[in-house]
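Novice: Input structure: query.pdb, which contains PDB, C-alpha atoms.
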```pdb
ATOM      1  CA  MET A  23      -8.773   2.621  -6.436  1.00  0.00           C
ATOM      2  CA  THR A  24     -10.052  -0.838  -7.157  1.00  0.00           C
ATOM      3  CA  GLN A  25     -11.365  -3.424  -4.760  1.00  0.00           C
ATOM      4  CA  GLN A  26     -10.943  -7.005  -5.828  1.00  0.00           C
ATOM      5  CA  LYS A  27     -11.114 -10.537  -4.555  1.00  0.00           C
ATOM      6  CA  ASN A  28      -7.787 -12.314  -4.324  1.00  0.00           C
ATOM      7  CA  SER A  29      -7.565 -16.015  -5.088  1.00  0.00           C
ATOM      8  CA  SER A  30      -4.710 -18.355  -5.795  1.00  0.00           C
ATOM      9  CA  SER A  31      -5.355 -18.152  -9.534  1.00  0.00           C
ATOM     10  CA  ASN A  32      -5.418 -14.393 -10.126  1.00  0.00           C
ATOM     11  CA  ILE A  33      -2.736 -11.746 -10.542  1.00  0.00           C
ATOM     12  CA  PHE A  34      -2.238 -10.933  -6.864  1.00  0.00           C
ATOM     13  CA  PRO A  35       0.837 -12.650  -5.485  1.00  0.00           C
ATOM     14  CA  HIS A  36       0.617 -14.725  -2.346  1.00  0.00           C
ATOM     15  CA  SER A  37       4.098 -14.688  -0.968  1.00  0.00           C
ATOM     16  CA  LEU A  38       7.020 -12.407  -0.390  1.00  0.00           C
ATOM     17  CA  THR A  39      10.401 -13.975  -0.937  1.00  0.00           C
ATOM     18  CA  VAL A  40      13.241 -12.374   1.017  1.00  0.00           C
ATOM     19  CA  ALA A  41      16.902 -12.947   0.257  1.00  0.00           C
ATOM     20  CA  LEU A  42      19.278 -14.177   2.921  1.00  0.00           C
ATOM     21  CA  ASN A  43      21.907 -15.059   0.304  1.00  0.00           C
ATOM     22  CA  LEU A  44      22.451 -12.717  -2.679  1.00  0.00           C
ATOM     23  CA  THR A  45      23.800 -15.392  -5.056  1.00  0.00           C
ATOM     24  CA  ILE A  46      20.747 -17.559  -4.439  1.00  0.00           C
ATOM     25  CA  GLN A  47      18.521 -14.489  -4.766  1.00  0.00           C
ATOM     26  CA  GLU A  48      20.024 -13.505  -8.127  1.00  0.00           C
ATOM     27  CA  LYS A  49      19.437 -17.016  -9.508  1.00  0.00           C
ATOM     28  CA  PHE A  50      15.866 -17.096  -8.150  1.00  0.00           C
ATOM     29  CA  LEU A  51      15.108 -13.700  -9.713  1.00  0.00           C
ATOM     30  CA  ALA A  52      16.556 -14.764 -13.068  1.00  0.00           C
ATOM     31  CA  ASP A  53      14.786 -18.151 -13.058  1.00  0.00           C
ATOM     32  CA  HIS A  54      11.419 -16.478 -12.400  1.00  0.00           C
ATOM     33  CA  ASN A  55      11.910 -13.375 -14.602  1.00  0.00           C
ATOM     34  CA  LEU A  56      11.849 -11.077 -11.557  1.00  0.00           C
ATOM     35  CA  GLU A  57      15.142  -9.203 -12.008  1.00  0.00           C
ATOM     36  CA  ASN A  58      13.348  -5.873 -12.467  1.00  0.00           C
ATOM     37  CA  LYS A  59      10.772  -6.319  -9.708  1.00  0.00           C
ATOM     38  CA  ARG A  60      11.038  -5.164  -6.107  1.00  0.00           C
ATOM     39  CA  SER A  61       8.464  -5.400  -3.365  1.00  0.00           C
ATOM     40  CA  VAL A  62       7.784  -4.446   0.218  1.00  0.00           C
ATOM     41  CA  LEU A  63       5.474  -6.125   2.682  1.00  0.00           C
ATOM     42  CA  VAL A  64       4.367  -4.328   5.831  1.00  0.00           C
ATOM     43  CA  VAL A  65       2.718  -6.502   8.471  1.00  0.00           C
ATOM     44  CA  SER A  66       0.999  -4.312  11.060  1.00  0.00           C
ATOM     45  CA  GLY A  67       0.671  -5.319  14.675  1.00  0.00           C
ATOM     46  CA  GLU A  68      -1.275  -3.789  17.552  1.00  0.00           C
ATOM     47  CA  ASP A  69       1.522  -1.333  18.327  1.00  0.00           C
ATOM     48  CA  SER A  70       4.332  -2.345  15.988  1.00  0.00           C
ATOM     49  CA  PHE A  71       5.023  -3.568  12.469  1.00  0.00           C
ATOM     50  CA  MET A  72       7.389  -5.735  10.435  1.00  0.00           C
ATOM     51  CA  TYR A  73       8.925  -4.518   7.181  1.00  0.00           C
ATOM     52  CA  TRP A  74      10.066  -7.018   4.560  1.00  0.00           C
ATOM     53  CA  TYR A  75      11.896  -6.142   1.328  1.00  0.00           C
ATOM     54  CA  GLY A  76      12.086  -8.669  -1.509  1.00  0.00           C
ATOM     55  CA  VAL A  77       9.911  -9.703  -4.447  1.00  0.00           C
ATOM     56  CA  LEU A  78       6.315 -10.835  -4.695  1.00  0.00           C
ATOM     57  CA  ALA A  79       6.203 -14.154  -6.483  1.00  0.00           C
ATOM     58  CA  ASP A  80       3.428 -16.640  -7.030  1.00  0.00           C
ATOM     59  CA  VAL A  81       5.550 -19.760  -6.643  1.00  0.00           C
ATOM     60  CA  ALA A  82       5.027 -23.064  -4.896  1.00  0.00           C
ATOM     61  CA  LYS A  83       6.670 -23.491  -1.506  1.00  0.00           C
ATOM     62  CA  ASP A  84       9.010 -26.152  -2.860  1.00  0.00           C
ATOM     63  CA  GLU A  85      10.247 -23.724  -5.550  1.00  0.00           C
ATOM     64  CA  VAL A  86      11.807 -21.413  -2.946  1.00  0.00           C
ATOM     65  CA  PRO A  87      15.425 -22.504  -2.490  1.00  0.00           C
ATOM     66  CA  THR A  88      17.210 -22.836   0.822  1.00  0.00           C
ATOM     67  CA  GLY A  89      18.670 -19.449   1.682  1.00  0.00           C
ATOM     68  CA  LEU A  90      15.522 -17.502   0.842  1.00  0.00           C
ATOM     69  CA  MET A  91      12.653 -16.822   3.233  1.00  0.00           C
ATOM     70  CA  LYS A  92       9.034 -16.983   2.116  1.00  0.00           C
ATOM     71  CA  PHE A  93       6.076 -15.307   3.794  1.00  0.00           C
ATOM     72  CA  GLU A  94       2.721 -16.778   2.716  1.00  0.00           C
ATOM     73  CA  LEU A  95      -0.065 -14.240   2.244  1.00  0.00           C
ATOM     74  CA  PRO A  96      -3.706 -15.362   2.440  1.00  0.00           C
ATOM     75  CA  ALA A  97      -6.229 -15.187  -0.355  1.00  0.00           C
ATOM     76  CA  ALA A  98      -8.090 -11.973   0.457  1.00  0.00           C
ATOM     77  CA  GLU A  99     -10.236  -9.109  -0.710  1.00  0.00           C
ATOM     78  CA  VAL A 100      -7.880  -6.230  -1.449  1.00  0.00           C
ATOM     79  CA  ALA A 101      -7.855  -2.548  -2.334  1.00  0.00           C
ATOM     80  CA  GLU A 102      -5.331  -1.689  -5.038  1.00  0.00           C
ATOM     81  CA  GLU A 103      -3.971   1.507  -6.519  1.00  0.00           C
ATOM     82  CA  VAL A 104      -1.388   1.688  -9.294  1.00  0.00           C
ATOM     83  CA  GLU A 105       0.892   4.718  -9.550  1.00  0.00           C
ATOM     84  CA  GLU A 106       2.855   5.609 -12.677  1.00  0.00           C
ATOM     85  CA  ASN A 107       6.426   6.926 -12.926  1.00  0.00           C
ATOM     86  CA  GLN A 108       7.739   5.446  -9.667  1.00  0.00           C
ATOM     87  CA  THR A 109      11.284   4.325  -8.857  1.00  0.00           C
ATOM     88  CA  LEU A 110      13.102   2.546  -6.048  1.00  0.00           C
ATOM     89  CA  VAL A 111      13.217   5.892  -4.244  1.00  0.00           C
ATOM     90  CA  PHE A 112       9.621   5.193  -3.140  1.00  0.00           C
ATOM     91  CA  PHE A 113      10.930   2.446  -0.832  1.00  0.00           C
ATOM     92  CA  ASN A 114      13.138   5.015   0.933  1.00  0.00           C
ATOM     93  CA  LEU A 115      10.164   7.159   1.945  1.00  0.00           C
ATOM     94  CA  PRO A 116       9.165   6.876   5.615  1.00  0.00           C
ATOM     95  CA  LEU A 117       6.319   4.526   6.449  1.00  0.00           C
ATOM     96  CA  THR A 118       4.904   7.286   8.666  1.00  0.00           C
ATOM     97  CA  SER A 119       3.869   9.001   5.435  1.00  0.00           C
ATOM     98  CA  THR A 120       3.399   6.219   2.865  1.00  0.00           C
ATOM     99  CA  VAL A 121       1.084   4.024   4.957  1.00  0.00           C
ATOM    100  CA  PRO A 122      -1.260   6.844   6.116  1.00  0.00           C
ATOM    101  CA  ASN A 123      -1.338   8.388   2.624  1.00  0.00           C
ATOM    102  CA  PHE A 124      -2.338   5.089   1.041  1.00  0.00           C
ATOM    103  CA  ALA A 125      -4.862   4.337   3.817  1.00  0.00           C
ATOM    104  CA  LYS A 126      -6.462   7.780   3.301  1.00  0.00           C
ATOM    105  CA  LYS A 127      -6.869   7.042  -0.416  1.00  0.00           C
ATOM    106  CA  VAL A 128      -8.480   3.696   0.374  1.00  0.00           C
ATOM    107  CA  VAL A 129     -10.907   5.318   2.847  1.00  0.00           C
ATOM    108  CA  ALA A 130     -11.632   8.197   0.427  1.00  0.00           C
ATOM    109  CA  SER A 131     -12.692   5.638  -2.171  1.00  0.00           C
ATOM    110  CA  GLY A 132     -15.426   4.442   0.213  1.00  0.00           C
ATOM    111  CA  ILE A 133     -13.719   1.347   1.589  1.00  0.00           C
ATOM    112  CA  GLU A 134     -13.772   0.894   5.356  1.00  0.00           C
ATOM    113  CA  VAL A 135     -10.500  -0.022   7.061  1.00  0.00           C
ATOM    114  CA  HIS A 136      -9.442  -0.430  10.667  1.00  0.00           C
ATOM    115  CA  GLU A 137      -8.092   2.752  12.250  1.00  0.00           C
ATOM    116  CA  ASN A 138      -5.226   0.607  13.530  1.00  0.00           C
ATOM    117  CA  LEU A 139      -4.302  -1.719  10.662  1.00  0.00           C
ATOM    118  CA  GLY A 140      -2.955  -4.189  13.218  1.00  0.00           C
ATOM    119  CA  ASP A 141      -6.536  -4.855  14.372  1.00  0.00           C
ATOM    120  CA  SER A 142      -7.346  -6.454  11.012  1.00  0.00           C
ATOM    121  CA  ASP A 143      -7.308 -10.213  10.446  1.00  0.00           C
ATOM    122  CA  THR A 144      -5.270  -9.379   7.322  1.00  0.00           C
ATOM    123  CA  PRO A 145      -2.874  -6.613   8.465  1.00  0.00           C
ATOM    124  CA  TYR A 146      -0.884  -6.518   5.228  1.00  0.00           C
ATOM    125  CA  ILE A 147       0.119  -3.804   2.788  1.00  0.00           C
ATOM    126  CA  THR A 148       2.315  -4.547  -0.198  1.00  0.00           C
ATOM    127  CA  TRP A 149       4.080  -2.278  -2.635  1.00  0.00           C
ATOM    128  CA  ASP A 150       5.182  -3.965  -5.843  1.00  0.00           C
ATOM    129  CA  LEU A 151       7.398  -2.014  -8.243  1.00  0.00           C
ATOM    130  CA  ASP A 152       7.999  -3.005 -11.852  1.00  0.00           C
ATOM    131  CA  MET A 153      11.192  -1.137 -12.712  1.00  0.00           C
ATOM    132  CA  ASP A 154      10.649  -1.674 -16.461  1.00  0.00           C
ATOM    133  CA  THR A 155       7.223   0.010 -16.587  1.00  0.00           C
ATOM    134  CA  LYS A 156       7.833   2.220 -13.510  1.00  0.00           C
ATOM    135  CA  LYS A 157       4.412   1.158 -12.189  1.00  0.00           C
ATOM    136  CA  LEU A 158       3.961   0.753  -8.461  1.00  0.00           C
ATOM    137  CA  ALA A 159       1.041  -1.362  -7.273  1.00  0.00           C
ATOM    138  CA  GLN A 160      -0.059  -0.564  -3.716  1.00  0.00           C
ATOM    139  CA  VAL A 161      -2.251  -3.251  -2.201  1.00  0.00           C
ATOM    140  CA  MET A 162      -4.035  -3.258   1.159  1.00  0.00           C
ATOM    141  CA  TYR A 163      -5.482  -6.548   2.323  1.00  0.00           C
ATOM    142  CA  LEU A 164      -9.041  -5.951   3.558  1.00  0.00           C
ATOM    143  CA  LYS A 165     -10.414  -9.316   4.640  1.00  0.00           C
ATOM    144  CA  ALA A 166      -9.575 -12.955   4.098  1.00  0.00           C
ATOM    145  CA  SER A 167     -11.486 -14.858   1.436  1.00  0.00           C
ATOM    146  CA  LYS A 168     -13.634 -17.710   2.626  1.00  0.00           C
TER
END
```
As a first step, turn the structure in this file into structure tokens.
Specialist:
Amino acid sequence: MTQQKNSSSNIFPHSLTVALNLTIQEKFLADHNLENKRSVLVVSGEDSFMYWYGVLADVAKDEVPTGLMKFELPAAEVAEEVEENQTLVFFNLPLTSTVPNFAKKVVASGIEVHENLGDSDTPYITWDLDMDTKKLAQVMYLKASK
């Protein structure tokens, strides 16, 4: 488990792009070399959550074509764990197991997190799968950078 600062110039992506039109999505993925990437963003609320499936991409707002949605993520301190030998099947696992399992690993590494992730100012968890390397990066946003 690593804890790192997230800024606009490092490797952590700042937006999740979600397809509303598959033709536009395919072109966007090809233009940005993202064909073999898939990502999930979970935004926790006080007693609910939102689940977004797409790709994490560090692109300017004007680079996202009409027909795709973009969710801007803040620069933040994050906890990250990378798992080997993962596939798209991971995204079919229930959040009632994947979120608590990842949160337990973060806490076990000595990082404090809110019991209810929705109480955080940065209630985000991302999973980013590289289907070529089969590496899955799990990232929990801890607190916004100042």
Novice: Considering all atoms listed in the file, can you say which of A:Lys156, A:His54, A:Lys126, A:Lys165 comes closest to Ser142 of chain A?
Specialist: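 Closest to Ser142 of chain A, using all atoms listed in the file: A:Lys165.
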Novice: Could you tell me which of A:Glu106, A:Ala52, A:Val100, A:Val77 comes closest to Val161 of chain A if we count all atoms listed in the file?
Specialist: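 With all atoms listed in the file as the atom set, the closest residue is A:Val100.
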Novice: For Val111 of chain A, please output as an MDAnalysis selection string all residues within 12 Å (counting all atoms listed in the file; exclusion window: fewer than 3 positions along the same chain).
Specialist: chainID A and resid 60 107:108 114:116 151 153 156 158
Novice: Once the PyMOL selection byres ((chain A and resi 63-65) around 10) has been evaluated on this model, what residues remain selected, and can you format them as a ChimeraX atom specification?
Specialist: /A:37-39,61-62,66-67,70-78,93,95,117,121,139-140,144-150,161-162
Novice: For Leu56 of chain A, which of A:Asp80, A:Glu68, A:Asn138, A:Met91 is the closest residue, counting all atoms listed in the file?
Specialist: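 Closest candidate: A:Asp80.
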Novice: Let me know the residues the PyMOL selection byres ((chain A and resi 131) around 12) catches in the file above, as number ranges by chain.
Specialist: A: 23-25, 101-103, 124-130, 132-135
Novice: Take atom CA of Ala82 of chain A and atom CA of Ala98 of chain A and report the distance between them in Å, one decimal.
Specialist: 18.0 Å
Novice: If I take atom CA of Asp154 of chain A and atom CA of Glu105 of chain A, how far is one from the other in Å, to one decimal?
Specialist: 13.6 Å
Novice: In Å, with one decimal, what is the gap from atom CA of Asp84 of chain A to atom CA of Lys59 of chain A?
Specialist: 21.1 Å
Novice: Quick one: of A:Thr109, A:Glu85, A:Leu90, A:Asn58, who's nearest to Thr45 of chain A, counting only C-alpha atoms?
Specialist: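 Using only C-alpha atoms, the shortest distance to Thr45 of chain A belongs to A:Leu90.
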Novice: So which one's closest to His136 of chain A, A:Val104, A:Asn55, A:Thr118, A:Leu164? Using only C-alpha atoms, please.
Specialist: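 Smallest distance to His136 of chain A is found for A:Leu164.
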Novice: So, counting only C-alpha atoms, which residue among A:Thr88, A:Glu137, A:Asn123, A:Glu99 is closest to Ile46 of chain A?
Specialist: A:Thr88
Novice: Quick one: axis-aligned box around all listed atoms of segment 46-55 of chain A, 8 Å on every side, centre and edge lengths in Å to one decimal, written as lines of an AutoDock Vina configuration file.
Specialist:
```
center_x = 16.1
center_y = -15.8
center_z = -9.5
size_x = 25.3
size_y = 20.8
size_z = 26.2
```
